[in-house]
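Undergrad: Here you go, coords-v1.cif (mmCIF, C-alpha atoms and all ligand atoms):
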data_upload
#
loop_
_atom_site.group_PDB
_atom_site.id
_atom_site.type_symbol
_atom_site.label_atom_id
_atom_site.label_comp_id
_atom_site.auth_asym_id
_atom_site.auth_seq_id
_atom_site.Cartn_x
_atom_site.Cartn_y
_atom_site.Cartn_z
ATOM 1 C CA MET Y 1 33.278 -7.205 -3.907
ATOM 2 C CA SER Y 2 31.158 -7.827 -0.842
ATOM 3 C CA THR Y 3 30.300 -10.112 2.041
ATOM 4 C CA VAL Y 4 26.702 -11.232 2.525
ATOM 5 C CA GLY Y 5 25.924 -13.553 5.427
ATOM 6 C CA ASN Y 6 28.450 -16.369 5.232
ATOM 7 C CA SER Y 7 29.385 -15.618 1.617
ATOM 8 C CA THR Y 8 32.622 -13.691 1.275
ATOM 9 C CA ASN Y 9 34.375 -12.255 -1.786
ATOM 10 C CA ILE Y 10 31.232 -12.257 -3.912
ATOM 11 C CA PHE Y 11 30.340 -10.043 -6.881
ATOM 12 C CA TRP Y 12 26.957 -9.027 -8.340
ATOM 13 C CA GLN Y 13 26.569 -10.175 -11.972
ATOM 14 C CA GLU Y 14 24.344 -7.887 -14.053
ATOM 15 C CA SER Y 15 22.024 -9.493 -16.620
ATOM 16 C CA PRO Y 16 21.955 -8.119 -20.202
ATOM 17 C CA VAL Y 17 18.144 -8.201 -20.204
ATOM 18 C CA GLY Y 18 16.497 -6.187 -17.435
ATOM 19 C CA LYS Y 19 13.249 -6.378 -15.487
ATOM 20 C CA LEU Y 20 11.710 -3.487 -17.423
ATOM 21 C CA GLU Y 21 12.321 -5.251 -20.731
ATOM 22 C CA ARG Y 22 10.803 -8.478 -19.429
ATOM 23 C CA GLN Y 23 7.734 -6.612 -18.137
ATOM 24 C CA LYS Y 24 7.369 -4.966 -21.541
ATOM 25 C CA LEU Y 25 7.564 -8.335 -23.276
ATOM 26 C CA LEU Y 26 4.814 -9.649 -20.986
ATOM 27 C CA HIS Y 27 2.737 -6.434 -21.227
ATOM 28 C CA GLN Y 28 2.350 -6.185 -17.470
ATOM 29 C CA LYS Y 29 3.924 -4.694 -14.363
ATOM 30 C CA SER Y 30 5.191 -7.348 -12.009
ATOM 31 C CA CYS Y 31 4.370 -7.555 -8.322
ATOM 32 C CA VAL Y 32 3.967 -9.923 -5.401
ATOM 33 C CA VAL Y 33 0.433 -10.666 -4.214
ATOM 34 C CA TRP Y 34 1.004 -12.057 -0.711
ATOM 35 C CA ILE Y 35 -2.028 -13.935 0.628
ATOM 36 C CA THR Y 36 -2.006 -14.469 4.404
ATOM 37 C CA GLY Y 37 -4.537 -16.070 6.723
ATOM 38 C CA LEU Y 38 -5.437 -19.034 8.862
ATOM 39 C CA SER Y 39 -5.377 -22.581 7.567
ATOM 40 C CA GLY Y 40 -8.713 -23.104 5.816
ATOM 41 C CA SER Y 41 -9.333 -19.387 5.276
ATOM 42 C CA GLY Y 42 -9.262 -19.829 1.489
ATOM 43 C CA LYS Y 43 -5.707 -18.767 0.559
ATOM 44 C CA SER Y 44 -5.135 -21.559 -1.979
ATOM 45 C CA THR Y 45 -8.654 -21.178 -3.364
ATOM 46 C CA LEU Y 46 -8.050 -17.475 -3.992
ATOM 47 C CA ALA Y 47 -4.548 -18.100 -5.395
ATOM 48 C CA CYS Y 48 -5.897 -20.650 -7.898
ATOM 49 C CA SER Y 49 -8.901 -18.573 -8.904
ATOM 50 C CA LEU Y 50 -6.772 -15.426 -9.288
ATOM 51 C CA SER Y 51 -4.106 -17.213 -11.313
ATOM 52 C CA ARG Y 52 -6.739 -18.622 -13.697
ATOM 53 C CA GLU Y 53 -8.476 -15.248 -14.058
ATOM 54 C CA LEU Y 54 -5.184 -13.515 -14.829
ATOM 55 C CA PHE Y 55 -4.268 -16.194 -17.369
ATOM 56 C CA THR Y 56 -7.627 -15.751 -19.091
ATOM 57 C CA ARG Y 57 -6.919 -12.029 -19.328
ATOM 58 C CA GLY Y 58 -3.487 -12.660 -20.863
ATOM 59 C CA ASN Y 59 -1.450 -11.917 -17.721
ATOM 60 C CA LEU Y 60 1.256 -14.309 -16.552
ATOM 61 C CA SER Y 61 1.332 -15.247 -12.889
ATOM 62 C CA TYR Y 62 2.845 -18.018 -10.799
ATOM 63 C CA VAL Y 63 1.596 -19.406 -7.502
ATOM 64 C CA LEU Y 64 3.954 -20.115 -4.612
ATOM 65 C CA ASP Y 65 1.904 -22.224 -2.202
ATOM 66 C CA GLY Y 66 3.244 -22.753 1.321
ATOM 67 C CA ASP Y 67 2.063 -26.351 1.533
ATOM 68 C CA ASN Y 68 3.599 -27.184 -1.878
ATOM 69 C CA LEU Y 69 6.937 -25.487 -1.173
ATOM 70 C CA ARG Y 70 7.225 -27.529 2.018
ATOM 71 C CA HIS Y 71 7.332 -30.614 -0.283
ATOM 72 C CA GLY Y 72 10.613 -29.371 -1.790
ATOM 73 C CA LEU Y 73 12.513 -26.139 -1.156
ATOM 74 C CA ASN Y 74 11.356 -25.949 2.469
ATOM 75 C CA GLN Y 75 11.141 -29.624 3.377
ATOM 76 C CA ASP Y 76 13.797 -29.152 6.050
ATOM 77 C CA LEU Y 77 11.543 -26.737 7.966
ATOM 78 C CA GLY Y 78 8.888 -27.466 10.574
ATOM 79 C CA PHE Y 79 6.390 -25.196 12.305
ATOM 80 C CA LYS Y 80 8.308 -23.785 15.257
ATOM 81 C CA ALA Y 81 8.602 -20.005 15.190
ATOM 82 C CA GLU Y 82 12.117 -19.808 13.725
ATOM 83 C CA ASP Y 83 11.243 -22.356 11.022
ATOM 84 C CA ARG Y 84 8.170 -20.368 10.009
ATOM 85 C CA THR Y 85 10.318 -17.223 9.891
ATOM 86 C CA GLU Y 86 12.871 -18.956 7.643
ATOM 87 C CA ASN Y 87 10.031 -20.361 5.512
ATOM 88 C CA ILE Y 88 8.635 -16.873 4.923
ATOM 89 C CA ARG Y 89 12.091 -15.392 4.286
ATOM 90 C CA ARG Y 90 12.874 -17.995 1.611
ATOM 91 C CA VAL Y 91 9.507 -17.635 -0.073
ATOM 92 C CA GLY Y 92 9.926 -13.846 0.027
ATOM 93 C CA GLU Y 93 13.256 -14.198 -1.770
ATOM 94 C CA VAL Y 94 11.765 -16.568 -4.355
ATOM 95 C CA ALA Y 95 8.798 -14.232 -4.858
ATOM 96 C CA LYS Y 96 11.248 -11.390 -5.429
ATOM 97 C CA LEU Y 97 12.924 -13.435 -8.181
ATOM 98 C CA PHE Y 98 9.583 -14.157 -9.848
ATOM 99 C CA ALA Y 99 8.701 -10.467 -9.710
ATOM 100 C CA ASP Y 100 12.117 -9.664 -11.172
ATOM 101 C CA ALA Y 101 11.305 -12.137 -13.953
ATOM 102 C CA GLY Y 102 8.312 -9.913 -14.785
ATOM 103 C CA LEU Y 103 5.561 -12.127 -13.383
ATOM 104 C CA ILE Y 104 2.703 -11.475 -11.020
ATOM 105 C CA CYS Y 105 3.813 -13.744 -8.206
ATOM 106 C CA ILE Y 106 1.035 -15.037 -5.951
ATOM 107 C CA ALA Y 107 2.391 -16.266 -2.611
ATOM 108 C CA SER Y 108 -0.080 -18.178 -0.459
ATOM 109 C CA LEU Y 109 1.163 -18.919 3.044
ATOM 110 C CA ILE Y 110 -0.250 -18.663 6.549
ATOM 111 C CA SER Y 111 2.703 -16.337 7.294
ATOM 112 C CA PRO Y 112 1.390 -15.783 10.821
ATOM 113 C CA TYR Y 113 3.939 -13.297 12.127
ATOM 114 C CA ARG Y 114 3.656 -9.617 11.188
ATOM 115 C CA LYS Y 115 7.387 -8.944 11.312
ATOM 116 C CA ASP Y 116 8.085 -11.718 8.775
ATOM 117 C CA ARG Y 117 5.509 -10.366 6.323
ATOM 118 C CA ASP Y 118 6.883 -6.863 6.848
ATOM 119 C CA SER Y 119 10.391 -8.133 6.063
ATOM 120 C CA CYS Y 120 9.101 -9.487 2.738
ATOM 121 C CA ARG Y 121 7.429 -6.150 2.037
ATOM 122 C CA ALA Y 122 10.768 -4.437 2.691
ATOM 123 C CA MET Y 123 12.435 -6.737 0.151
ATOM 124 C CA LEU Y 124 10.154 -5.290 -2.568
ATOM 125 C CA PRO Y 125 10.776 -1.581 -2.322
ATOM 126 C CA ASP Y 126 8.689 -0.081 -5.135
ATOM 127 C CA ALA Y 127 5.364 -0.701 -3.351
ATOM 128 C CA ASN Y 128 4.961 -3.829 -5.409
ATOM 129 C CA PHE Y 129 4.059 -5.956 -2.401
ATOM 130 C CA ILE Y 130 0.315 -6.380 -2.170
ATOM 131 C CA GLU Y 131 -0.752 -7.989 1.086
ATOM 132 C CA VAL Y 132 -4.114 -9.756 0.949
ATOM 133 C CA PHE Y 133 -5.602 -10.694 4.302
ATOM 134 C CA MET Y 134 -8.073 -13.582 4.322
ATOM 135 C CA ASN Y 135 -10.042 -12.277 7.270
ATOM 136 C CA MET Y 136 -12.172 -15.338 7.932
ATOM 137 C CA PRO Y 137 -13.289 -16.255 11.467
ATOM 138 C CA LEU Y 138 -11.532 -19.176 13.114
ATOM 139 C CA THR Y 139 -14.942 -20.824 13.575
ATOM 140 C CA LEU Y 140 -15.475 -20.905 9.790
ATOM 141 C CA CYS Y 141 -11.961 -22.270 9.119
ATOM 142 C CA GLU Y 142 -12.501 -24.902 11.761
ATOM 143 C CA GLU Y 143 -15.902 -25.853 10.341
ATOM 144 C CA ARG Y 144 -14.333 -26.258 6.904
ATOM 145 C CA ASP Y 145 -11.309 -28.208 8.172
ATOM 146 C CA PRO Y 146 -10.740 -29.846 4.758
ATOM 147 C CA LYS Y 147 -7.601 -31.690 5.902
ATOM 148 C CA GLY Y 148 -8.863 -32.596 9.385
ATOM 149 C CA LEU Y 149 -5.958 -30.678 10.960
ATOM 150 C CA TYR Y 150 -8.037 -28.526 13.341
ATOM 151 C CA LYS Y 151 -9.619 -31.695 14.711
ATOM 152 C CA LEU Y 152 -6.165 -33.150 15.340
ATOM 153 C CA ALA Y 153 -4.967 -29.871 16.875
ATOM 154 C CA ARG Y 154 -8.009 -29.688 19.204
ATOM 155 C CA ALA Y 155 -7.317 -33.281 20.215
ATOM 156 C CA GLY Y 156 -3.740 -32.279 21.069
ATOM 157 C CA LYS Y 157 -2.345 -34.503 18.299
ATOM 158 C CA ILE Y 158 -0.782 -31.538 16.450
ATOM 159 C CA LYS Y 159 1.088 -29.089 18.676
ATOM 160 C CA GLY Y 160 1.618 -25.438 17.743
ATOM 161 C CA PHE Y 161 -1.225 -25.202 15.245
ATOM 162 C CA THR Y 162 -1.909 -21.662 14.047
ATOM 163 C CA GLY Y 163 -5.036 -20.206 15.618
ATOM 164 C CA ILE Y 164 -5.267 -22.963 18.219
ATOM 165 C CA ASP Y 165 -2.041 -22.946 20.231
ATOM 166 C CA ASP Y 166 0.170 -20.814 17.989
ATOM 167 C CA PRO Y 167 -0.507 -17.135 17.234
ATOM 168 C CA TYR Y 168 -1.789 -15.488 14.059
ATOM 169 C CA GLU Y 169 -1.065 -11.759 13.928
ATOM 170 C CA PRO Y 170 -3.488 -10.031 11.548
ATOM 171 C CA PRO Y 171 -2.051 -7.342 9.249
ATOM 172 C CA LEU Y 172 -2.343 -3.703 10.343
ATOM 173 C CA ASN Y 173 -1.807 -2.185 6.918
ATOM 174 C CA CYS Y 174 -2.800 -4.675 4.222
ATOM 175 C CA GLU Y 175 -3.756 -3.516 0.742
ATOM 176 C CA ILE Y 176 -6.746 -5.867 0.432
ATOM 177 C CA GLU Y 177 -8.949 -7.526 3.024
ATOM 178 C CA ILE Y 178 -11.226 -10.376 1.998
ATOM 179 C CA LYS Y 179 -14.030 -10.942 4.468
ATOM 180 C CA GLN Y 180 -17.536 -12.221 4.838
ATOM 181 C CA LYS Y 181 -20.394 -9.946 3.871
ATOM 182 C CA ALA Y 182 -23.575 -10.355 5.940
ATOM 183 C CA GLY Y 183 -22.092 -13.585 7.254
ATOM 184 C CA VAL Y 184 -21.435 -15.002 3.771
ATOM 185 C CA CYS Y 185 -18.014 -15.629 2.275
ATOM 186 C CA PRO Y 186 -17.566 -14.225 -1.250
ATOM 187 C CA THR Y 187 -17.295 -16.903 -3.948
ATOM 188 C CA PRO Y 188 -13.789 -17.796 -5.201
ATOM 189 C CA GLY Y 189 -14.519 -15.814 -8.377
ATOM 190 C CA ALA Y 190 -15.613 -12.777 -6.379
ATOM 191 C CA MET Y 191 -12.506 -12.959 -4.173
ATOM 192 C CA ALA Y 192 -10.301 -13.083 -7.267
ATOM 193 C CA GLY Y 193 -12.340 -10.215 -8.710
ATOM 194 C CA GLU Y 194 -11.489 -8.004 -5.726
ATOM 195 C CA VAL Y 195 -7.773 -8.560 -6.324
ATOM 196 C CA VAL Y 196 -8.032 -8.145 -10.105
ATOM 197 C CA THR Y 197 -9.853 -4.823 -9.623
ATOM 198 C CA TYR Y 198 -7.049 -3.620 -7.346
ATOM 199 C CA LEU Y 199 -4.349 -4.743 -9.817
ATOM 200 C CA GLU Y 200 -6.186 -3.067 -12.681
ATOM 201 C CA GLU Y 201 -6.638 0.207 -10.790
ATOM 202 C CA LYS Y 202 -2.942 0.274 -9.862
ATOM 203 C CA GLY Y 203 -1.867 -0.370 -13.456
ATOM 204 C CA TYR Y 204 -0.318 -3.809 -13.016
ATOM 205 C CA LEU Y 205 -2.354 -5.411 -15.797
ATOM 206 C CA GLN Y 206 -2.011 -2.747 -18.423
ATOM 207 C CA HIS Y 207 -0.882 -3.792 -21.873
ATOM 208 C CA GLN Y 208 1.724 -1.224 -22.901
HETATM 209 N N1 LIG D 301 1.309 -26.503 13.134
HETATM 210 C C1 LIG D 301 0.777 -26.102 11.990
HETATM 211 N N2 LIG D 301 0.282 -24.843 11.887
HETATM 212 C C2 LIG D 301 -0.254 -24.433 10.718
HETATM 213 N N3 LIG D 301 -0.318 -25.199 9.586
HETATM 214 C C3 LIG D 301 0.170 -26.450 9.636
HETATM 215 C C4 LIG D 301 0.730 -26.948 10.833
HETATM 216 N N4 LIG D 301 1.141 -28.229 10.608
HETATM 217 C C5 LIG D 301 0.851 -28.513 9.327
HETATM 218 N N5 LIG D 301 0.268 -27.453 8.735
HETATM 219 C C6 LIG D 301 -0.067 -27.436 7.301
HETATM 220 O O1 LIG D 301 0.916 -26.592 6.709
HETATM 221 C C7 LIG D 301 0.307 -25.582 5.918
HETATM 222 C C8 LIG D 301 0.895 -24.195 6.223
HETATM 223 O O2 LIG D 301 2.158 -24.053 5.697
HETATM 224 P P1 LIG D 301 2.771 -22.597 5.549
HETATM 225 O O3 LIG D 301 4.119 -22.775 4.951
HETATM 226 O O4 LIG D 301 1.808 -21.735 4.821
HETATM 227 O O5 LIG D 301 2.886 -22.115 7.075
HETATM 228 S S1 LIG D 301 3.698 -20.886 7.668
HETATM 229 O O6 LIG D 301 3.462 -19.726 6.785
HETATM 230 O O7 LIG D 301 5.109 -21.234 7.734
HETATM 231 O O8 LIG D 301 3.154 -20.687 9.029
HETATM 232 C C9 LIG D 301 -1.158 -25.578 6.243
HETATM 233 O O9 LIG D 301 -1.799 -25.450 4.979
HETATM 234 P P2 LIG D 301 -3.041 -24.460 4.707
HETATM 235 O O10 LIG D 301 -4.216 -25.165 5.317
HETATM 236 O O11 LIG D 301 -3.114 -24.406 3.206
HETATM 237 O O12 LIG D 301 -2.778 -23.119 5.309
HETATM 238 C C10 LIG D 301 -1.417 -26.910 6.912
HETATM 239 O O13 LIG D 301 -1.921 -27.823 5.980
HETATM 240 N N1 LIG D 302 -14.821 -18.476 -1.124
HETATM 241 C C1 LIG D 302 -15.094 -19.703 -0.723
HETATM 242 N N2 LIG D 302 -16.357 -20.156 -0.698
HETATM 243 C C2 LIG D 302 -16.638 -21.409 -0.279
HETATM 244 N N3 LIG D 302 -15.719 -22.311 0.114
HETATM 245 C C3 LIG D 302 -14.435 -21.916 0.105
HETATM 246 C C4 LIG D 302 -14.061 -20.604 -0.305
HETATM 247 N N4 LIG D 302 -12.728 -20.489 -0.195
HETATM 248 C C5 LIG D 302 -12.293 -21.677 0.253
HETATM 249 N N5 LIG D 302 -13.309 -22.544 0.430
HETATM 250 C C6 LIG D 302 -13.202 -23.922 0.910
HETATM 251 O O1 LIG D 302 -12.581 -23.881 2.176
HETATM 252 C C7 LIG D 302 -11.624 -24.895 2.302
HETATM 253 C C8 LIG D 302 -10.257 -24.286 2.635
HETATM 254 O O2 LIG D 302 -9.827 -23.515 1.522
HETATM 255 P P1 LIG D 302 -8.298 -23.446 1.122
HETATM 256 O O3 LIG D 302 -8.206 -22.584 -0.086
HETATM 257 O O4 LIG D 302 -7.690 -24.796 1.038
HETATM 258 O O5 LIG D 302 -7.705 -22.671 2.397
HETATM 259 P P2 LIG D 302 -6.204 -22.440 2.845
HETATM 260 O O6 LIG D 302 -5.337 -22.526 1.619
HETATM 261 O O7 LIG D 302 -6.199 -21.083 3.461
HETATM 262 O O8 LIG D 302 -5.907 -23.522 3.830
HETATM 263 C C9 LIG D 302 -11.648 -25.679 0.992
HETATM 264 O O9 LIG D 302 -12.441 -26.831 1.166
HETATM 265 C C10 LIG D 302 -12.274 -24.733 0.018
HETATM 266 O O10 LIG D 302 -12.986 -25.388 -0.988
#
Let me see whether you can do it: turn the structure in this file into structure tokens.
Ligand SMILES: Nc1ncnc2c1ncn2[C@@H]1O[C@H](COP(=O)(O)OS(=O)(=O)O)[C@@H](OP(=O)(O)O)[C@H]1O
Ligand SMILES: Nc1ncnc2c1ncn2[C@@H]1O[C@H](COP(=O)(O)OP(=O)(O)O)[C@@H](O)[C@H]1O
TA:
Amino acid sequence: MSTVGNSTNIFWQESPVGKLERQKLLHQKSCVVWITGLSGSGKSTLACSLSRELFTRGNLSYVLDGDNLRHGLNQDLGFKAEDRTENIRRVGEVAKLFADAGLICIASLISPYRKDRDSCRAMLPDANFIEVFMNMPLTLCEERDPKGLYKLARAGKIKGFTGIDDPYEPPLNCEIEIKQKAGVCPTPGAMAGEVVTYLEEKGYLQHQ
């Protein structure tokens, strides 16, 4: 019996089927691929391309997209610092469940604060948290501005926009960094390829 947060007198219920069995069924080792970066840096593009590539190879993944989750699970949260922290915490917990289910969980969120990303990493102890940093210059993200949000932020119509008047803390110890080469951004397929190569080398995609 234990107390966790505001929940008292609670018990952990074991499941008859375990994570290892589910991973075996799916012929893969589960993990969380956590994609972080500025708005417009290509997080969703990479998440979609990676998910499709994994599917083609016979690996099951699921994308948790920050924007999409804010339409449901996180619709009560805004963009002030404590809301972003709670957003990341909840998505970290959901990602942990997907990894426990045996899937390759792809989380795609700005997740601007280092301590929040590190807390998610700590939730996944067996080094199964793979942080992917979309290291694209702000100027490129702002040029892309597919939703017109940077324009609104520059005009002062959105307050606390990441990269403009709210901080983005780049990772210090990410597993993968996606960046421009000779001033050119890799194609979506090439970005996904970098992650797939990493997953392959670390044995996540092996068919046992
Ligand atoms: N103030 C502010 N700052 C940053 N982003 C903003 C803001 N307001 C709205 N948006 C839109 O919300 C998307 C980011 O949501 P996230 O859940 O990924 O953000 S966070 O991780 O909690 O910081 C983000 O989507 P992406 O462009 O896909 O990153 C924006 O479309
Ligand atoms: N590798 C890429 N090459 C060219 N354009 C890209 C690439 N990645 C993303 N884009 C474009 O940049 C814009 C922002 O990408 P998106 O994936 O929505 O970023 P984020 O999810 O980080 O906000 C989109 O219009 C997308 O088509």
Undergrad: Check the smallest atom-to-atom distance from each of Y:Gly42, Y:Pro112, Y:Pro170, Y:Pro125 to Thr85 (chain Y) using all atoms listed in the file, then report the winner.
TA: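 Nearest candidate to Thr85 (chain Y) out of Y:Gly42, Y:Pro112, Y:Pro170, Y:Pro125: Y:Pro112.
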Undergrad: Taking into account only C-alpha atoms, which residue in the set Y:Leu152, Y:Val33, Y:Met191, Y:Met136 is nearest to Ile104 (chain Y)?
TA: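 Going through Y:Leu152, Y:Val33, Y:Met191, Y:Met136 one by one, the smallest distance to Ile104 (chain Y) is for Y:Val33.
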Undergrad: Which distance in Å separates CA of Ser41 (chain Y) and atom C10 of ligand LIG 302 (chain D), to one decimal?
TA: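 Computing the Euclidean distance for CA of Ser41 (chain Y) and atom C10 of ligand LIG 302 (chain D) yields 8.1 Å.
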Undergrad: Given the PyMOL selection byres (((not hetatm)) within 10 of (chain D and resi 302)) and the file above, list the residues it selects as a VMD selection string.
TA: chain Y and resid 35 to 49 65 to 67 108 to 110 134 136 140 to 147 178 to 180 184 to 192
Undergrad: Using CA of Ala182 (chain Y) and CA of Thr139 (chain Y) as the two end points, give the distance in Å to one decimal.
TA: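 CA of Thr139 (chain Y) lies at a distance of 15.6 Å from CA of Ala182 (chain Y).
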Undergrad: Give me the residues within 12 Å of region 12-25 of chain Y as a PDB file with C-alpha atoms, in the frame of the given file, counting only C-alpha atoms and dropping any in the same chain fewer than 4 places off.
TA:
ATOM      1  CA  MET Y   1      33.278  -7.205  -3.907  1.00  0.00           C
ATOM      2  CA  SER Y   2      31.158  -7.827  -0.842  1.00  0.00           C
ATOM      3  CA  THR Y   3      30.300 -10.112   2.041  1.00  0.00           C
ATOM      4  CA  VAL Y   4      26.702 -11.232   2.525  1.00  0.00           C
ATOM      5  CA  LYS Y  29       3.924  -4.694 -14.363  1.00  0.00           C
ATOM      6  CA  SER Y  30       5.191  -7.348 -12.009  1.00  0.00           C
ATOM      7  CA  CYS Y  31       4.370  -7.555  -8.322  1.00  0.00           C
ATOM      8  CA  ASN Y  59      -1.450 -11.917 -17.721  1.00  0.00           C
ATOM      9  CA  LEU Y  60       1.256 -14.309 -16.552  1.00  0.00           C
ATOM     10  CA  SER Y  61       1.332 -15.247 -12.889  1.00  0.00           C
ATOM     11  CA  LYS Y  96      11.248 -11.390  -5.429  1.00  0.00           C
ATOM     12  CA  LEU Y  97      12.924 -13.435  -8.181  1.00  0.00           C
ATOM     13  CA  PHE Y  98       9.583 -14.157  -9.848  1.00  0.00           C
ATOM     14  CA  ALA Y  99       8.701 -10.467  -9.710  1.00  0.00           C
ATOM     15  CA  ASP Y 100      12.117  -9.664 -11.172  1.00  0.00           C
ATOM     16  CA  ALA Y 101      11.305 -12.137 -13.953  1.00  0.00           C
ATOM     17  CA  GLY Y 102       8.312  -9.913 -14.785  1.00  0.00           C
ATOM     18  CA  LEU Y 103       5.561 -12.127 -13.383  1.00  0.00           C
ATOM     19  CA  ILE Y 104       2.703 -11.475 -11.020  1.00  0.00           C
ATOM     20  CA  TYR Y 204      -0.318  -3.809 -13.016  1.00  0.00           C
ATOM     21  CA  LEU Y 205      -2.354  -5.411 -15.797  1.00  0.00           C
ATOM     22  CA  GLN Y 206      -2.011  -2.747 -18.423  1.00  0.00           C
ATOM     23  CA  HIS Y 207      -0.882  -3.792 -21.873  1.00  0.00           C
ATOM     24  CA  GLN Y 208       1.724  -1.224 -22.901  1.00  0.00           C
TER      25      GLN Y 208
END
Undergrad: Do you have the CA of Asp83 (chain Y)-atom O1 of ligand LIG 301 (chain D) distance handy?
TA: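 For CA of Asp83 (chain Y) relative to atom O1 of ligand LIG 301 (chain D), the distance reads 12.0 Å.
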Undergrad: Using all atoms listed in the file, which of the listed residues (Y:Phe11, Y:Phe79, Y:Tyr198, Y:Tyr150) sits closest to Ser111 (chain Y)?
TA: Y:Phe79
Undergrad: Please put the answer as AutoDock Vina command-line options: centre and edge lengths, in Å with one decimal, of a box along x, y and z that encloses all listed atoms of ligand LIG 301 (chain D) plus 6 Å on each side.
TA:
--center_x 0.4 --center_y -24.1 --center_z 8.2 --size_x 21.3 --size_y 20.8 --size_z 21.9
Undergrad: Would you list the contacts of Ala155 (chain Y) as an MDAnalysis selection string, taking every protein, DNA or RNA residue within 12 Å and counting all atoms listed in the file, but skipping same-chain residues closer than 5 positions in sequence?
TA: chainID Y and resid 148:150 161 164:165
Undergrad: Compare Y:Lys202, Y:Lys181, Y:Lys151, Y:Arg84 by their minimum atom-to-atom distance to ligand LIG 301 (chain D), counting all atoms listed in the file, and give me the closest one.
TA: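 Of all the options, Y:Arg84 lies closest to ligand LIG 301 (chain D).
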Undergrad: For the structure just given, write the atoms of region 1-18 of chain Y, namely N, CA and C atoms, as a PDB file, in the first residue's frame.
TA:
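The result, stored in out_6.pdb:
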ATOM      1  N   MET Y   1       0.857  -1.191   0.000  1.00  0.00           N
ATOM      2  CA  MET Y   1       0.000   0.000   0.000  1.00  0.00           C
ATOM      3  C   MET Y   1       0.894   1.243   0.000  1.00  0.00           C
ATOM      4  N   SER Y   2       0.505   2.245  -0.780  1.00  0.00           N
ATOM      5  CA  SER Y   2       1.353   3.436  -0.802  1.00  0.00           C
ATOM      6  C   SER Y   2       0.537   4.710  -1.027  1.00  0.00           C
ATOM      7  N   THR Y   3       1.254   5.818  -0.897  1.00  0.00           N
ATOM      8  CA  THR Y   3       0.674   7.134  -1.158  1.00  0.00           C
ATOM      9  C   THR Y   3       1.502   7.791  -2.254  1.00  0.00           C
ATOM     10  N   VAL Y   4       0.845   8.218  -3.320  1.00  0.00           N
ATOM     11  CA  VAL Y   4       1.548   8.885  -4.414  1.00  0.00           C
ATOM     12  C   VAL Y   4       0.807  10.182  -4.710  1.00  0.00           C
ATOM     13  N   GLY Y   5       1.472  11.305  -4.515  1.00  0.00           N
ATOM     14  CA  GLY Y   5       0.809  12.598  -4.707  1.00  0.00           C
ATOM     15  C   GLY Y   5      -0.387  12.705  -3.784  1.00  0.00           C
ATOM     16  N   ASN Y   6      -1.557  12.945  -4.380  1.00  0.00           N
ATOM     17  CA  ASN Y   6      -2.777  13.051  -3.573  1.00  0.00           C
ATOM     18  C   ASN Y   6      -3.507  11.731  -3.449  1.00  0.00           C
ATOM     19  N   SER Y   7      -2.964  10.666  -4.038  1.00  0.00           N
ATOM     20  CA  SER Y   7      -3.631   9.359  -3.960  1.00  0.00           C
ATOM     21  C   SER Y   7      -3.108   8.588  -2.752  1.00  0.00           C
ATOM     22  N   THR Y   8      -4.020   8.237  -1.877  1.00  0.00           N
ATOM     23  CA  THR Y   8      -3.621   7.468  -0.683  1.00  0.00           C
ATOM     24  C   THR Y   8      -4.219   6.068  -0.756  1.00  0.00           C
ATOM     25  N   ASN Y   9      -3.621   5.155  -0.015  1.00  0.00           N
ATOM     26  CA  ASN Y   9      -4.120   3.771   0.081  1.00  0.00           C
ATOM     27  C   ASN Y   9      -4.242   3.105  -1.294  1.00  0.00           C
ATOM     28  N   ILE Y  10      -3.221   3.240  -2.100  1.00  0.00           N
ATOM     29  CA  ILE Y  10      -3.279   2.659  -3.447  1.00  0.00           C
ATOM     30  C   ILE Y  10      -2.306   1.485  -3.557  1.00  0.00           C
ATOM     31  N   PHE Y  11      -2.631   0.562  -4.461  1.00  0.00           N
ATOM     32  CA  PHE Y  11      -1.872  -0.673  -4.644  1.00  0.00           C
ATOM     33  C   PHE Y  11      -1.476  -0.786  -6.113  1.00  0.00           C
ATOM     34  N   TRP Y  12      -0.309  -1.357  -6.391  1.00  0.00           N
ATOM     35  CA  TRP Y  12       0.126  -1.588  -7.771  1.00  0.00           C
ATOM     36  C   TRP Y  12      -0.428  -2.930  -8.249  1.00  0.00           C
ATOM     37  N   GLN Y  13      -1.149  -2.934  -9.369  1.00  0.00           N
ATOM     38  CA  GLN Y  13      -1.707  -4.164  -9.931  1.00  0.00           C
ATOM     39  C   GLN Y  13      -0.794  -4.686 -11.033  1.00  0.00           C
ATOM     40  N   GLU Y  14      -0.225  -5.856 -10.854  1.00  0.00           N
ATOM     41  CA  GLU Y  14       0.637  -6.441 -11.888  1.00  0.00           C
ATOM     42  C   GLU Y  14      -0.218  -6.971 -13.031  1.00  0.00           C
ATOM     43  N   SER Y  15       0.336  -6.896 -14.269  1.00  0.00           N
ATOM     44  CA  SER Y  15      -0.373  -7.438 -15.429  1.00  0.00           C
ATOM     45  C   SER Y  15       0.156  -8.847 -15.716  1.00  0.00           C
ATOM     46  N   PRO Y  16      -0.710  -9.769 -16.172  1.00  0.00           N
ATOM     47  CA  PRO Y  16      -0.229 -11.134 -16.448  1.00  0.00           C
ATOM     48  C   PRO Y  16       0.707 -11.187 -17.657  1.00  0.00           C
ATOM     49  N   VAL Y  17       0.575 -10.255 -18.570  1.00  0.00           N
ATOM     50  CA  VAL Y  17       1.471 -10.205 -19.730  1.00  0.00           C
ATOM     51  C   VAL Y  17       2.439  -9.034 -19.525  1.00  0.00           C
ATOM     52  N   GLY Y  18       3.728  -9.316 -19.661  1.00  0.00           N
ATOM     53  CA  GLY Y  18       4.724  -8.277 -19.360  1.00  0.00           C
ATOM     54  C   GLY Y  18       5.269  -7.583 -20.603  1.00  0.00           C
TER      55      GLY Y  18
END
